[in-house]
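What follows is a single structure, written as structure tokens, with notes after it.
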Amino acid sequence: MSSPSPNGTIDYTALVHDDRIHASLYTDPRIFDDEMERIFRRGWVFVGHDSEIPSAGDFVTRRVGTEPVIMVRGKDGDVSVFVNRCMHRGTMVCPADRGSARTFTCPYHGWTYDISGELLGVPYPGGYAAFDKSAHGLTRAPRLSSYRGFVFASLSPAGISLAEHLGSATRLIDRSCDLSPAGEVELTAGWVKHRCAANWKALPENDSDGYHLGFVHRALFSTVRSQYQRVVGDERAIKAVVRDWGNGHIEIDWSPGYQGPFEWLGGVSGSAVADFVAALERRDGAEVTRRRLLGGPAHALIFPNLFLGETNIAIVEPVSVEECVHWHTPMFLTGVPEFRSRLLRMAEAGMGPASFLMPEDLLVASRNQLGLHARTAVWLELGRGLNRERVDAEGRTVSHVTDETTNRALWRHYRTVMTEA
Ligand code: FES
Ligand SMILES: [Fe+2]
């Protein structure tokens with residue numbers, strides 16, 4: 001479907017209203033190209049986590065938008081992000097998902113780079129009259145910044161800082177990291193990737209949608225006990241909320257509906273738990289620890305591509321206007337190895353290919369995408385909850401968990417980014 005502005009620049013204010021959005025936002029390839037430039041090149045994008053590359057030479061390959069990159073730990077211990085593109089004729093220099101390397105050698109004609117991106121040498125150099133190796137190093141992401149081990153890159157040399165982008169949403173990352181007595185999480189189990197036949201924005205929207213649970217996940221709730229069951233049923237009895245943190249960062253907060261500690265971990269007990277609780281209490285005191293264990297980790301989108309999925313971390317990777325890849329990995333708590341197998345099993349049961357939640361979400365996203373090809377109707381309704389939203393003491397809009405407050409917050413920020421000079 002083409003947007004209402006077929007020839008000139010796209011008028012995002014005409015496509016994104018406060019209570020409805022135009023279907024072409026999910027189907028127009030020109031809009032996808034615009035997003036790759038404005039959101040994924042100029043903005044801050046989550047690339048990876050410190051724990052994935054603990055030692056010098058360790059690397060992972062990712063995409064920033066559609067740009068292939070290598071995130072590597074240098075000899076000095078610092079992290080760099082390079083565009084994964086040979087400076088000879090453009091081949092992807094490193095094809096592996098992860099590994100450890102002293103050099104990267106291009107598979108095509110053997111140009112070799114060191115882990116600081118410098119070109120070390122080219123085969124048969126006699127074919128070049130004068131060759132300036134220093135002008136042919138790998139392209140470095142101009143800006144790199146991290147928060148509590150979460151590494152973000154911007155492919156633009158100018159723009160707001162990561163701190164400005166995250167704003168108060170750092171507290172969502174804190175909420176997850178502070179559950180570890182060491183104050184850190186580890187993403188070391190490896191990632192599972194699901195390809196999804198939907199526009200990339202469908203995933204962050206669905207992650208922050210509390211309305212669909214009783215329908216998309218009906219089979220799960222009828223067979224397995226889950227803390228989410230409490231958000232299905234009498235609308236007035238549901239206590240979980242959605243919250244807008246600004247800058248496109250949005251949250252479902254389940255914790256008002258939790259009835260005891262560790263519901264987010266499926267309920268645990270025993271001596272390992274006692275040691276863990278004691279370690280948190282030594283650091284934070286009894287009352288703060290009680291609140292942390294009741295509330296659990298965040299369920300939140302850090303705009304645009306990082307999803308703090310409670311005990312999992314997920315990434316959405318755009319591929320093309322109608323295709324994306326969903327990545328997930330369990331979030332291990334540093335210093336609490338006794339929870340690892342449980343967290344791994346929870347990731348498999350909730351997000352894995354043979355699980356309920358994620359396959360159901362990805363399937364409905366692909367059906368959503370197919371429905372958006374209809375030309376008889378072009379607007380998506382996003383007004384749910386406008387009648388009962390409230391603003392909390394910190395200025396954040398909060399509403400019933402089934403309300404589209406999160407969608408509206410996402411789209412409002414989207415419109416700002418897509419129309420900025
Ligand atoms: S494209 Fe990399 S060496 Fe030729
Ligand atoms: Fe879902």
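Ordering of the structure tokens sets the chain letters (A, B, ...), residue numbers begin anew at 1 in every chain, and ligands are numbered from 1 in the order given.
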_ligand 2 neighbours within 9 Å using only C-alpha atoms and all ligand atoms, as JSON, numbers by chain_ = {"A": [206, 207, 208, 209, 210, 212, 213, 216, 217, 357, 358, 359, 360, 361, 362, 364]}
*Output the neighbourhood of ligand 1 as a list in words, that is, all protein and nucleic acid residues with some atom at most 6 Å from the ligand, counting only C-alpha atoms and all ligand atoms.*
Cys86, His88, Arg89, Gly90, Thr91, Cys106, Tyr108, His109, Gly110 and Trp111 of chain A
Residues from last step as file, C-alpha atoms, as an mmCIF file, in the first residue's frame:
data_model
loop_
_atom_site.group_PDB
_atom_site.id
_atom_site.type_symbol
_atom_site.label_atom_id
_atom_site.label_comp_id
_atom_site.auth_asym_id
_atom_site.auth_seq_id
_atom_site.Cartn_x
_atom_site.Cartn_y
_atom_site.Cartn_z
ATOM 1 C CA CYS A 86 35.296 -4.622 3.502
ATOM 2 C CA HIS A 88 37.936 -3.156 -0.964
ATOM 3 C CA ARG A 89 34.663 -4.109 -2.659
ATOM 4 C CA GLY A 90 32.200 -4.250 0.162
ATOM 5 C CA THR A 91 32.020 -7.907 1.211
ATOM 6 C CA CYS A 106 37.834 -10.641 4.178
ATOM 7 C CA TYR A 108 36.776 -12.426 -0.967
ATOM 8 C CA HIS A 109 40.358 -11.238 -1.678
ATOM 9 C CA GLY A 110 41.961 -11.540 1.712
ATOM 10 C CA TRP A 111 42.300 -7.952 2.900
#
*Residues at most 8 Å from A:Glu263, counting only C-alpha atoms, excluding those fewer than 4 positions away in the same chain, as number ranges by chain?*
A: 227, 258-259, 267, 294, 296
*Got a sec to tell me which of stretch 329-376 of chain A DSSP assigns to helix (DSSP H, G or I), as a ChimeraX atom specification?*
/A:337-351,357-371
With C-alpha atoms retained, export the selected residues as a short mmCIF file (atom, residue, chain, number, x, y, z; two decimals), in the first residue's frame.
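Result file follows (selection-v2.cif):
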data_model
loop_
_atom_site.label_atom_id
_atom_site.label_comp_id
_atom_site.auth_asym_id
_atom_site.auth_seq_id
_atom_site.Cartn_x
_atom_site.Cartn_y
_atom_site.Cartn_z
CA PRO A 337 24.30 -19.08 39.06
CA GLU A 338 21.65 -21.13 40.85
CA PHE A 339 18.91 -19.36 38.84
CA ARG A 340 20.51 -20.00 35.47
CA SER A 341 18.90 -23.28 34.51
CA ARG A 342 15.49 -21.98 35.58
CA LEU A 343 15.96 -18.80 33.52
CA LEU A 344 17.06 -20.83 30.52
CA ARG A 345 14.02 -23.14 30.84
CA MET A 346 11.75 -20.08 31.16
CA ALA A 347 13.24 -18.61 27.97
CA GLU A 348 12.63 -21.88 26.16
CA ALA A 349 9.09 -22.22 27.48
CA GLY A 350 8.07 -18.61 26.90
CA MET A 351 10.05 -17.55 23.85
CA LEU A 357 4.09 -16.93 23.81
CA MET A 358 6.53 -15.84 21.12
CA PRO A 359 5.40 -18.12 18.26
CA GLU A 360 1.82 -17.00 18.93
CA ASP A 361 2.85 -13.33 18.92
CA LEU A 362 4.87 -13.70 15.72
CA LEU A 363 2.06 -15.53 13.98
CA VAL A 364 -0.48 -12.88 14.88
CA ALA A 365 1.98 -10.18 13.76
CA SER A 366 2.22 -11.81 10.33
CA ARG A 367 -1.59 -12.00 10.08
CA ASN A 368 -1.74 -8.37 11.14
CA GLN A 369 0.64 -7.55 8.29
CA LEU A 370 -1.55 -9.42 5.76
CA GLY A 371 -4.66 -7.59 6.94
#
_Residues within 9 Å of A:Cys94, please, as a ChimeraX atom specification. Count only C-alpha atoms; anything in the same chain fewer than 6 positions from it doesn't count._
/A:61,69-70,84-85,104-107
_I need the residues of stretch 164-312 of chain A that end up classed as strand (DSSP E or B) by DSSP on the backbone, written out as a list of chain:residue names._
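Filtering stretch 164-312 of chain A to strand (DSSP E or B) leaves A:Val185, A:Glu186, A:Val192, A:Lys193, A:His194, A:Arg195, A:Cys196, A:Val241, A:Val242, A:Arg243, A:Asp244, A:Ile250, A:Glu251, A:Ile252, A:Asp253, A:His299, A:Ala300, A:Leu301, A:Ile302, A:Leu306, A:Phe307, A:Leu308, A:Gly309, A:Asn312.
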_If we count only C-alpha atoms and set the cut-off at 6 Å, which residues sit around A:Tyr113, ignoring sequence neighbours fewer than 2 positions away in its own chain? Please answer as a list in words._
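Non-adjacent residues within range: Thr103, Phe104, Gly117, Glu118, Leu119 and Leu120 of chain A.
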Write out as a tab-separated table the residues of stretch 161-234 of chain A that have any atom within 10 Å of an atom of stretch 46-49 of chain A, one row each with the nearest atom pair and its distance in Å to one decimal, counting only C-alpha atoms, sorted by chain and then rising number.
residue	atom	partner	partner_atom	distance
A:Val185	CA	A:His49	CA	9.0
A:Glu186	CA	A:His49	CA	7.7
A:Leu187	CA	A:His49	CA	6.7
A:Thr188	CA	A:His49	CA	9.1
Save the residues we just selected, N, CA and C atoms, as a PDB file, in the first residue's frame?
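The resulting file, out-v5.pdb, is shown below:
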ATOM      1  N   VAL A 185      23.695  -7.809  34.775  1.00  0.00           N
ATOM      2  CA  VAL A 185      23.112  -8.996  34.152  1.00  0.00           C
ATOM      3  C   VAL A 185      24.101  -9.530  33.117  1.00  0.00           C
ATOM      4  N   GLU A 186      23.882 -10.770  32.680  1.00  0.00           N
ATOM      5  CA  GLU A 186      24.761 -11.402  31.692  1.00  0.00           C
ATOM      6  C   GLU A 186      23.910 -12.012  30.590  1.00  0.00           C
ATOM      7  N   LEU A 187      24.261 -11.676  29.362  1.00  0.00           N
ATOM      8  CA  LEU A 187      23.550 -12.246  28.213  1.00  0.00           C
ATOM      9  C   LEU A 187      24.505 -13.216  27.527  1.00  0.00           C
ATOM     10  N   THR A 188      24.697 -14.370  28.146  1.00  0.00           N
ATOM     11  CA  THR A 188      25.752 -15.280  27.686  1.00  0.00           C
ATOM     12  C   THR A 188      25.219 -16.630  27.206  1.00  0.00           C
TER      13      THR A 188
END
*From the list A:Glu322, A:Asp275, A:Asp33, A:Asp18, which residue is nearest A:Arg195 when using only C-alpha atoms?*
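Looking at the shortest contact to A:Arg195, the residue is A:Glu322.
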Tell me, counting only C-alpha atoms, for each residue of stretch 247-343 of chain A within 12 Å of stretch 375-398 of chain A, which pair of atoms is nearest and how far apart they are in Å to one decimal, in rows ordered by chain and increasing number, as CSV.
residue,atom,partner,partner_atom,distance
A:Asn247,CA,A:Arg396,CA,11.4
A:His249,CA,A:Arg396,CA,11.0
A:Ile250,CA,A:Thr397,CA,10.0
A:Glu251,CA,A:Val398,CA,9.5
A:Ile252,CA,A:Val398,CA,9.7
A:Asp253,CA,A:Val398,CA,9.8
*Which neighbours of A:Glu310 fall inside 6 Å, counting only C-alpha atoms, when residues of the same chain fewer than 5 positions from it are skipped, and could you give them as JSON, numbers by chain?*
{"A": [297, 298, 299]}
Can you pull out every residue within 10 Å of A:Gly295, counting only C-alpha atoms, but drop anything in the same chain fewer than 4 positions away, and send it as a PDB file with C-alpha atoms, in the first residue's frame?
ATOM      1  CA  ARG A 175      15.031  -2.370  37.771  1.00  0.00           C
ATOM      2  CA  SER A 176      16.345  -5.442  35.941  1.00  0.00           C
ATOM      3  CA  LEU A 179      17.966  -7.779  40.941  1.00  0.00           C
ATOM      4  CA  ASP A 253       4.098  -2.896  34.755  1.00  0.00           C
ATOM      5  CA  TRP A 254       2.687  -6.205  35.982  1.00  0.00           C
ATOM      6  CA  SER A 255       3.811  -5.654  39.550  1.00  0.00           C
ATOM      7  CA  PRO A 256       0.624  -4.019  40.897  1.00  0.00           C
ATOM      8  CA  GLY A 257      -1.060  -7.357  40.179  1.00  0.00           C
ATOM      9  CA  TYR A 258       1.598  -9.562  41.783  1.00  0.00           C
ATOM     10  CA  GLN A 259       0.551 -11.190  45.053  1.00  0.00           C
ATOM     11  CA  GLY A 260       3.949 -12.217  46.394  1.00  0.00           C
ATOM     12  CA  PRO A 261       7.707 -12.183  45.733  1.00  0.00           C
ATOM     13  CA  PHE A 262       9.216 -14.120  42.826  1.00  0.00           C
ATOM     14  CA  GLU A 263       6.031 -14.407  40.739  1.00  0.00           C
ATOM     15  CA  TRP A 264       8.187 -13.145  37.849  1.00  0.00           C
ATOM     16  CA  THR A 289      14.798  -5.837  48.706  1.00  0.00           C
ATOM     17  CA  ARG A 290      11.191  -6.769  49.479  1.00  0.00           C
ATOM     18  CA  ARG A 291      10.025  -4.288  46.814  1.00  0.00           C
TER      19      ARG A 291
END
